$ cat my_file-v4.txt   # compact mmCIF, N, CA, C and O atoms and all ligand atoms
# COMPACT_ATOMS: atom_id res chain seq x y z
N MET A 109 -7.85 -6.31 0.50
CA MET A 109 -6.74 -6.81 -0.33
C MET A 109 -5.75 -7.60 0.52
O MET A 109 -5.52 -7.25 1.66
N ASN A 110 -5.22 -8.62 -0.04
CA ASN A 110 -4.19 -9.39 0.63
C ASN A 110 -3.02 -8.48 1.03
O ASN A 110 -2.56 -7.70 0.21
N PRO A 111 -2.59 -8.53 2.28
CA PRO A 111 -1.51 -7.62 2.71
C PRO A 111 -0.19 -7.85 1.98
O PRO A 111 0.68 -6.99 2.00
N ASP A 112 -0.05 -8.99 1.34
CA ASP A 112 1.19 -9.28 0.62
C ASP A 112 1.16 -8.73 -0.80
O ASP A 112 2.14 -8.82 -1.53
N THR A 113 0.02 -8.17 -1.19
CA THR A 113 -0.08 -7.64 -2.54
C THR A 113 -0.07 -6.11 -2.52
O THR A 113 -0.34 -5.49 -1.50
N ALA A 114 0.25 -5.55 -3.65
CA ALA A 114 0.28 -4.10 -3.79
C ALA A 114 -0.12 -3.76 -5.21
O ALA A 114 -0.11 -4.61 -6.10
N ILE A 115 -0.47 -2.50 -5.39
CA ILE A 115 -0.92 -2.06 -6.70
C ILE A 115 0.14 -1.16 -7.33
O ILE A 115 0.73 -0.32 -6.67
N CYS A 116 0.37 -1.39 -8.62
CA CYS A 116 1.32 -0.56 -9.35
C CYS A 116 0.71 0.83 -9.56
O CYS A 116 -0.41 0.94 -10.07
N GLN A 117 1.44 1.84 -9.16
CA GLN A 117 0.94 3.23 -9.27
C GLN A 117 0.71 3.62 -10.72
O GLN A 117 -0.11 4.47 -11.03
N SER A 118 1.42 2.99 -11.62
CA SER A 118 1.37 3.37 -13.03
C SER A 118 0.27 2.63 -13.79
O SER A 118 -0.65 3.23 -14.31
N CYS A 119 0.35 1.32 -13.84
CA CYS A 119 -0.58 0.54 -14.67
C CYS A 119 -1.70 -0.09 -13.84
O CYS A 119 -2.57 -0.76 -14.39
N THR A 120 -1.68 0.13 -12.52
CA THR A 120 -2.68 -0.37 -11.57
C THR A 120 -2.81 -1.90 -11.52
O THR A 120 -3.82 -2.42 -11.08
N ALA A 121 -1.79 -2.58 -11.96
CA ALA A 121 -1.77 -4.03 -11.83
C ALA A 121 -1.58 -4.40 -10.36
O ALA A 121 -0.83 -3.73 -9.64
N ILE A 122 -2.28 -5.43 -9.92
CA ILE A 122 -2.13 -5.89 -8.54
C ILE A 122 -1.24 -7.14 -8.55
O ILE A 122 -1.55 -8.12 -9.23
N LYS A 123 -0.14 -7.05 -7.83
CA LYS A 123 0.82 -8.15 -7.80
C LYS A 123 1.32 -8.34 -6.39
O LYS A 123 1.09 -7.52 -5.52
N PHE A 124 2.04 -9.45 -6.19
CA PHE A 124 2.69 -9.65 -4.91
C PHE A 124 3.80 -8.63 -4.76
O PHE A 124 4.46 -8.26 -5.74
N GLN A 125 3.99 -8.16 -3.53
CA GLN A 125 5.02 -7.15 -3.28
C GLN A 125 6.40 -7.63 -3.72
O GLN A 125 7.24 -6.82 -4.11
N SER A 126 6.61 -8.93 -3.69
CA SER A 126 7.90 -9.47 -4.11
C SER A 126 8.13 -9.30 -5.61
O SER A 126 9.27 -9.40 -6.08
N GLN A 127 7.05 -9.06 -6.34
CA GLN A 127 7.16 -8.87 -7.79
C GLN A 127 7.24 -7.39 -8.16
O GLN A 127 7.39 -7.05 -9.33
N LEU A 128 7.09 -6.54 -7.17
CA LEU A 128 7.10 -5.11 -7.40
C LEU A 128 8.28 -4.48 -6.67
O LEU A 128 8.94 -5.13 -5.86
N PHE A 129 8.53 -3.22 -6.95
CA PHE A 129 9.50 -2.51 -6.12
C PHE A 129 8.92 -1.15 -5.75
O PHE A 129 8.09 -0.60 -6.44
N ARG A 130 9.39 -0.64 -4.62
CA ARG A 130 8.89 0.61 -4.09
C ARG A 130 9.58 1.80 -4.70
O ARG A 130 10.76 1.73 -5.04
N CYS A 131 8.82 2.90 -4.78
CA CYS A 131 9.42 4.16 -5.18
C CYS A 131 10.49 4.51 -4.14
O CYS A 131 10.22 4.49 -2.95
N ARG A 132 11.68 4.81 -4.62
CA ARG A 132 12.77 5.12 -3.70
C ARG A 132 12.56 6.44 -2.96
O ARG A 132 13.11 6.65 -1.90
N GLY A 133 11.80 7.34 -3.58
CA GLY A 133 11.58 8.65 -2.98
C GLY A 133 10.68 8.60 -1.76
O GLY A 133 11.09 8.98 -0.67
N CYS A 134 9.47 8.12 -1.95
CA CYS A 134 8.47 8.18 -0.88
C CYS A 134 8.27 6.83 -0.21
O CYS A 134 7.72 6.77 0.89
N GLU A 135 8.67 5.75 -0.83
CA GLU A 135 8.48 4.39 -0.32
C GLU A 135 7.01 4.11 -0.01
O GLU A 135 6.69 3.30 0.84
N SER A 136 6.13 4.82 -0.70
CA SER A 136 4.69 4.66 -0.47
C SER A 136 3.97 3.99 -1.63
O SER A 136 2.88 3.45 -1.46
N VAL A 137 4.55 4.07 -2.80
CA VAL A 137 3.90 3.48 -3.97
C VAL A 137 4.79 2.41 -4.57
O VAL A 137 5.99 2.34 -4.32
N TRP A 138 4.15 1.56 -5.36
CA TRP A 138 4.85 0.39 -5.94
C TRP A 138 4.82 0.46 -7.45
O TRP A 138 3.89 1.02 -8.05
N TYR A 139 5.82 -0.16 -8.06
CA TYR A 139 5.89 -0.23 -9.52
C TYR A 139 6.31 -1.62 -9.95
O TYR A 139 7.07 -2.29 -9.26
N CYS A 140 5.83 -2.03 -11.15
CA CYS A 140 6.21 -3.33 -11.72
C CYS A 140 7.68 -3.33 -12.10
O CYS A 140 8.41 -4.29 -11.84
N ASP A 141 8.08 -2.28 -12.77
CA ASP A 141 9.42 -2.20 -13.30
C ASP A 141 9.79 -0.73 -13.55
O ASP A 141 9.01 0.17 -13.29
N LYS A 142 10.96 -0.57 -14.10
CA LYS A 142 11.47 0.77 -14.37
C LYS A 142 10.56 1.53 -15.35
O LYS A 142 10.37 2.74 -15.22
N GLU A 143 10.03 0.82 -16.29
CA GLU A 143 9.16 1.43 -17.30
C GLU A 143 7.90 2.01 -16.64
O GLU A 143 7.48 3.13 -16.94
N CYS A 144 7.30 1.24 -15.76
CA CYS A 144 6.11 1.71 -15.04
C CYS A 144 6.46 2.90 -14.16
O CYS A 144 5.68 3.83 -14.03
N GLN A 145 7.62 2.87 -13.57
CA GLN A 145 8.03 3.97 -12.71
C GLN A 145 8.16 5.26 -13.51
O GLN A 145 7.69 6.31 -13.10
N THR A 146 8.79 5.15 -14.66
CA THR A 146 8.97 6.33 -15.52
C THR A 146 7.62 6.89 -15.95
O THR A 146 7.40 8.10 -15.92
N ARG A 147 6.72 6.01 -16.33
CA ARG A 147 5.40 6.42 -16.76
C ARG A 147 4.60 7.01 -15.59
O ARG A 147 3.91 8.02 -15.72
N GLY A 148 4.67 6.35 -14.46
CA GLY A 148 3.96 6.83 -13.27
C GLY A 148 4.46 8.19 -12.83
O GLY A 148 3.70 9.04 -12.40
N TRP A 149 5.76 8.39 -12.99
CA TRP A 149 6.39 9.64 -12.58
C TRP A 149 5.95 10.79 -13.48
O TRP A 149 5.55 11.85 -13.01
N SER A 150 5.99 10.56 -14.79
CA SER A 150 5.72 11.66 -15.71
C SER A 150 4.27 11.77 -16.14
O SER A 150 3.75 12.87 -16.32
N GLU A 151 3.59 10.64 -16.30
CA GLU A 151 2.23 10.68 -16.84
C GLU A 151 1.14 10.56 -15.78
O GLU A 151 0.00 10.96 -16.00
N LYS A 152 1.49 10.00 -14.63
CA LYS A 152 0.47 9.80 -13.60
C LYS A 152 0.64 10.74 -12.41
O LYS A 152 0.08 10.53 -11.35
N GLY A 153 1.48 11.73 -12.61
CA GLY A 153 1.60 12.79 -11.61
C GLY A 153 2.37 12.43 -10.35
O GLY A 153 2.32 13.16 -9.36
N HIS A 154 3.12 11.34 -10.37
CA HIS A 154 3.82 10.98 -9.14
C HIS A 154 4.99 11.90 -8.82
O HIS A 154 5.43 11.98 -7.68
N LYS A 155 5.45 12.63 -9.82
CA LYS A 155 6.53 13.59 -9.62
C LYS A 155 6.17 14.57 -8.49
O LYS A 155 6.99 14.88 -7.64
N VAL A 156 4.93 15.04 -8.51
CA VAL A 156 4.44 15.98 -7.50
C VAL A 156 4.00 15.22 -6.25
O VAL A 156 4.35 15.57 -5.12
N GLU A 157 3.25 14.17 -6.48
CA GLU A 157 2.70 13.36 -5.40
C GLU A 157 3.80 12.80 -4.48
O GLU A 157 3.64 12.74 -3.27
N CYS A 158 4.91 12.43 -5.10
CA CYS A 158 6.02 11.83 -4.36
C CYS A 158 6.52 12.76 -3.26
O CYS A 158 6.75 12.34 -2.14
N LYS A 159 6.65 14.05 -3.60
CA LYS A 159 7.13 15.04 -2.62
C LYS A 159 6.15 15.16 -1.46
O LYS A 159 6.56 15.27 -0.31
N ILE A 160 4.87 15.14 -1.78
CA ILE A 160 3.84 15.27 -0.75
C ILE A 160 3.85 14.04 0.15
O ILE A 160 3.83 14.14 1.37
N LEU A 161 3.92 12.87 -0.47
CA LEU A 161 3.93 11.62 0.29
C LEU A 161 5.13 11.55 1.22
O LEU A 161 5.05 11.05 2.33
N LYS A 162 6.25 12.07 0.74
CA LYS A 162 7.47 12.09 1.54
C LYS A 162 7.25 12.86 2.82
O LYS A 162 7.64 12.43 3.90
N VAL A 163 6.61 14.01 2.70
CA VAL A 163 6.33 14.86 3.86
C VAL A 163 5.33 14.17 4.78
O VAL A 163 5.50 14.13 5.99
N VAL A 164 4.29 13.60 4.17
CA VAL A 164 3.25 12.92 4.94
C VAL A 164 3.85 11.79 5.77
O VAL A 164 3.50 11.58 6.93
N ARG A 165 4.78 11.10 5.18
CA ARG A 165 5.41 9.98 5.89
C ARG A 165 6.48 10.43 6.87
O ARG A 165 7.10 9.63 7.55
N GLY A 166 6.73 11.74 6.90
CA GLY A 166 7.67 12.27 7.87
C GLY A 166 9.12 11.98 7.55
O GLY A 166 9.98 12.01 8.43
N ILE A 167 9.39 11.72 6.28
CA ILE A 167 10.77 11.50 5.88
C ILE A 167 11.46 12.86 5.81
O ILE A 167 10.96 13.79 5.20
N GLN A 168 12.58 12.96 6.47
CA GLN A 168 13.31 14.21 6.50
C GLN A 168 13.73 14.64 5.10
O GLN A 168 14.29 13.87 4.34
N VAL A 169 13.41 15.88 4.79
CA VAL A 169 13.85 16.45 3.52
C VAL A 169 15.20 17.10 3.77
O VAL A 169 15.39 17.86 4.70
N ARG A 170 16.13 16.73 2.93
CA ARG A 170 17.49 17.26 3.09
C ARG A 170 17.55 18.76 2.86
O ARG A 170 16.78 19.32 2.10
N ASP A 171 18.52 19.36 3.53
CA ASP A 171 18.74 20.80 3.33
C ASP A 171 18.97 21.08 1.86
O ASP A 171 19.66 20.34 1.18
N GLY A 172 18.36 22.16 1.38
CA GLY A 172 18.53 22.53 -0.01
C GLY A 172 17.57 21.80 -0.93
O GLY A 172 17.53 22.06 -2.11
N ASP A 173 16.82 20.89 -0.36
CA ASP A 173 15.84 20.16 -1.16
C ASP A 173 14.43 20.41 -0.62
O ASP A 173 13.57 19.58 -0.71
N LEU A 174 14.26 21.59 -0.07
CA LEU A 174 12.98 21.93 0.54
C LEU A 174 11.92 22.14 -0.54
O LEU A 174 12.21 22.60 -1.64
N ILE A 175 10.70 21.82 -0.17
CA ILE A 175 9.58 21.99 -1.10
C ILE A 175 9.15 23.45 -1.11
O ILE A 175 8.92 24.04 -0.07
N SER A 176 9.09 24.00 -2.29
CA SER A 176 8.72 25.40 -2.41
C SER A 176 7.22 25.53 -2.65
O SER A 176 6.60 24.63 -3.19
ZN ZN B 201 2.94 -1.45 -13.63
ZN ZN B 202 7.41 8.31 -4.69
$ encode --input "my_file-v4.txt" --output "structure tokens"
Amino acid sequence: MNPDTAICQSCTAIKFQSQLFRCRGCESVWYCDKECQTRGWSEKGHKVECKILKVVRGIQVRDGDLIS
């Protein structure tokens, strides 16, 4: 895949990164828009996945926000 492109986690559309935005939580997945993000979060399981990706990427989890 072209390094300038990314896939939307929700609808799996492949677009240029400039046309997408990153999940603010894990910064690992991309979304077309707010609607795709909402759908990806609730219907595509990113709510759980996001926490895992955050840890995988070594992003510090704030105190009181530890994964149980
Ligand atoms: Zn999308
Ligand atoms: Zn995420």
$ atom_distance --input "my_file-v4.txt" --atom1 "atom O of A:Gln117" --atom2 "atom CA of A:Gly133"
14.8 Å
$ residues_near_ligand --input "my_file-v4.txt" --ligand "ligand ZN 202 (chain B)" --cutoff "6 Å" --atoms "only N, CA, C and O atoms and all ligand atoms" --output "ChimeraX atom specification"
/A:131-137,154,157-159
$ residues_near_ligand --input "my_file-v4.txt" --ligand "ligand ZN 201 (chain B)" --cutoff "6 Å" --atoms "only N, CA, C and O atoms and all ligand atoms" --output "NGL selection string"
:A and (116-121 or 139-141 or 144)
$ atom_distance --input "my_file-v4.txt" --atom1 "atom CA of A:Gly153" --atom2 "atom CA of A:Gly166"
20.4 Å
$ closest_residue --input "my_file-v4.txt" --among "A:Val156, A:Arg165, A:Pro111, A:Glu143" --to "A:Phe129" --atoms "only C-alpha atoms"
A:Glu143
$ select_by_dssp --input "my_file-v4.txt" --residues "chain A" --states "helix (DSSP H, G or I)" --output "number ranges by chain"
A: 125-127, 142-150, 154-164
$ atom_distance --input "my_file-v4.txt" --atom1 "atom C of A:Ser150" --atom2 "atom CA of A:Lys162"
18.0 Å
$ axis_aligned_box --input "my_file-v4.txt" --around "stretch 128-137 of chain A" --padding-each-side "5 Å" --output "AutoDock Vina command-line options"
--center_x 8.0 --center_y 1.2 --center_z -3.3 --size_x 20.2 --size_y 25.5 --size_z 18.3
$ build_atoms --input "my_file-v4.txt" --residues "stretch 123-134 of chain A" --atoms "all heavy atoms" --output "JSON list (two decimals), in the frame of the given file"
[["chain", "number", "residue", "atom", "x", "y", "z"],
["A", 123, "LYS", "N", -0.14, -7.05, -7.83],
["A", 123, "LYS", "CA", 0.82, -8.15, -7.80],
["A", 123, "LYS", "C", 1.32, -8.34, -6.39],
["A", 123, "LYS", "O", 1.09, -7.52, -5.52],
["A", 123, "LYS", "CB", 2.02, -7.80, -8.70],
["A", 123, "LYS", "CG", 1.65, -7.63, -10.17],
["A", 123, "LYS", "CD", 2.90, -7.38, -10.99],
["A", 123, "LYS", "CE", 2.53, -7.22, -12.46],
["A", 123, "LYS", "NZ", 3.72, -7.09, -13.30],
["A", 124, "PHE", "N", 2.04, -9.45, -6.19],
["A", 124, "PHE", "CA", 2.69, -9.65, -4.91],
["A", 124, "PHE", "C", 3.80, -8.63, -4.76],
["A", 124, "PHE", "O", 4.46, -8.26, -5.74],
["A", 124, "PHE", "CB", 3.26, -11.07, -4.79],
["A", 124, "PHE", "CG", 2.21, -12.11, -4.59],
["A", 124, "PHE", "CD1", 1.88, -13.00, -5.61],
["A", 124, "PHE", "CD2", 1.53, -12.19, -3.37],
["A", 124, "PHE", "CE1", 0.88, -13.95, -5.42],
["A", 124, "PHE", "CE2", 0.53, -13.14, -3.18],
["A", 124, "PHE", "CZ", 0.20, -14.02, -4.20],
["A", 125, "GLN", "N", 3.99, -8.16, -3.53],
["A", 125, "GLN", "CA", 5.02, -7.15, -3.28],
["A", 125, "GLN", "C", 6.40, -7.63, -3.72],
["A", 125, "GLN", "O", 7.24, -6.82, -4.11],
["A", 125, "GLN", "CB", 5.02, -6.76, -1.80],
["A", 125, "GLN", "CG", 3.78, -5.94, -1.44],
["A", 125, "GLN", "CD", 3.78, -5.49, 0.01],
["A", 125, "GLN", "OE1", 4.75, -5.70, 0.74],
["A", 125, "GLN", "NE2", 2.68, -4.88, 0.42],
["A", 126, "SER", "N", 6.61, -8.93, -3.69],
["A", 126, "SER", "CA", 7.90, -9.47, -4.11],
["A", 126, "SER", "C", 8.13, -9.30, -5.61],
["A", 126, "SER", "O", 9.27, -9.40, -6.08],
["A", 126, "SER", "CB", 8.00, -10.95, -3.72],
["A", 126, "SER", "OG", 6.94, -11.68, -4.32],
["A", 127, "GLN", "N", 7.05, -9.06, -6.34],
["A", 127, "GLN", "CA", 7.16, -8.87, -7.79],
["A", 127, "GLN", "C", 7.24, -7.39, -8.16],
["A", 127, "GLN", "O", 7.39, -7.05, -9.33],
["A", 127, "GLN", "CB", 5.94, -9.49, -8.48],
["A", 127, "GLN", "CG", 5.83, -10.99, -8.31],
["A", 127, "GLN", "CD", 4.54, -11.51, -8.93],
["A", 127, "GLN", "OE1", 3.45, -11.21, -8.47],
["A", 127, "GLN", "NE2", 4.67, -12.30, -9.98],
["A", 128, "LEU", "N", 7.09, -6.54, -7.17],
["A", 128, "LEU", "CA", 7.10, -5.11, -7.40],
["A", 128, "LEU", "C", 8.28, -4.48, -6.67],
["A", 128, "LEU", "O", 8.94, -5.13, -5.86],
["A", 128, "LEU", "CB", 5.80, -4.48, -6.88],
["A", 128, "LEU", "CG", 4.50, -4.97, -7.51],
["A", 128, "LEU", "CD1", 3.32, -4.61, -6.61],
["A", 128, "LEU", "CD2", 4.29, -4.37, -8.89],
["A", 129, "PHE", "N", 8.53, -3.22, -6.95],
["A", 129, "PHE", "CA", 9.50, -2.51, -6.12],
["A", 129, "PHE", "C", 8.92, -1.15, -5.75],
["A", 129, "PHE", "O", 8.09, -0.60, -6.44],
["A", 129, "PHE", "CB", 10.86, -2.39, -6.80],
["A", 129, "PHE", "CG", 10.91, -1.43, -7.97],
["A", 129, "PHE", "CD1", 11.27, -0.11, -7.77],
["A", 129, "PHE", "CD2", 10.61, -1.86, -9.25],
["A", 129, "PHE", "CE1", 11.32, 0.77, -8.85],
["A", 129, "PHE", "CE2", 10.66, -0.98, -10.33],
["A", 129, "PHE", "CZ", 11.01, 0.33, -10.12],
["A", 130, "ARG", "N", 9.39, -0.64, -4.62],
["A", 130, "ARG", "CA", 8.89, 0.61, -4.09],
["A", 130, "ARG", "C", 9.58, 1.80, -4.70],
["A", 130, "ARG", "O", 10.76, 1.73, -5.04],
["A", 130, "ARG", "CB", 9.16, 0.66, -2.58],
["A", 130, "ARG", "CG", 8.05, 0.12, -1.76],
["A", 130, "ARG", "CD", 8.35, 0.37, -0.30],
["A", 130, "ARG", "NE", 7.24, -0.11, 0.51],
["A", 130, "ARG", "CZ", 7.37, -0.70, 1.68],
["A", 130, "ARG", "NH1", 8.56, -0.88, 2.20],
["A", 130, "ARG", "NH2", 6.31, -1.10, 2.33],
["A", 131, "CYS", "N", 8.82, 2.90, -4.78],
["A", 131, "CYS", "CA", 9.42, 4.16, -5.18],
["A", 131, "CYS", "C", 10.49, 4.51, -4.14],
["A", 131, "CYS", "O", 10.22, 4.49, -2.95],
["A", 131, "CYS", "CB", 8.35, 5.26, -5.21],
["A", 131, "CYS", "SG", 9.03, 6.90, -5.45],
["A", 132, "ARG", "N", 11.68, 4.81, -4.62],
["A", 132, "ARG", "CA", 12.77, 5.12, -3.70],
["A", 132, "ARG", "C", 12.56, 6.44, -2.96],
["A", 132, "ARG", "O", 13.11, 6.65, -1.90],
["A", 132, "ARG", "CB", 14.10, 5.18, -4.46],
["A", 132, "ARG", "CG", 14.70, 3.82, -4.73],
["A", 132, "ARG", "CD", 16.09, 3.96, -5.30],
["A", 132, "ARG", "NE", 16.07, 4.75, -6.53],
["A", 132, "ARG", "CZ", 17.11, 5.40, -7.03],
["A", 132, "ARG", "NH1", 18.26, 5.36, -6.41],
["A", 132, "ARG", "NH2", 17.02, 6.07, -8.15],
["A", 133, "GLY", "N", 11.80, 7.34, -3.58],
["A", 133, "GLY", "CA", 11.58, 8.65, -2.98],
["A", 133, "GLY", "C", 10.68, 8.60, -1.76],
["A", 133, "GLY", "O", 11.09, 8.98, -0.67],
["A", 134, "CYS", "N", 9.47, 8.12, -1.95],
["A", 134, "CYS", "CA", 8.47, 8.18, -0.88],
["A", 134, "CYS", "C", 8.27, 6.83, -0.21],
["A", 134, "CYS", "O", 7.72, 6.77, 0.89],
["A", 134, "CYS", "CB", 7.15, 8.66, -1.46],
["A", 134, "CYS", "SG", 6.50, 7.58, -2.75]]
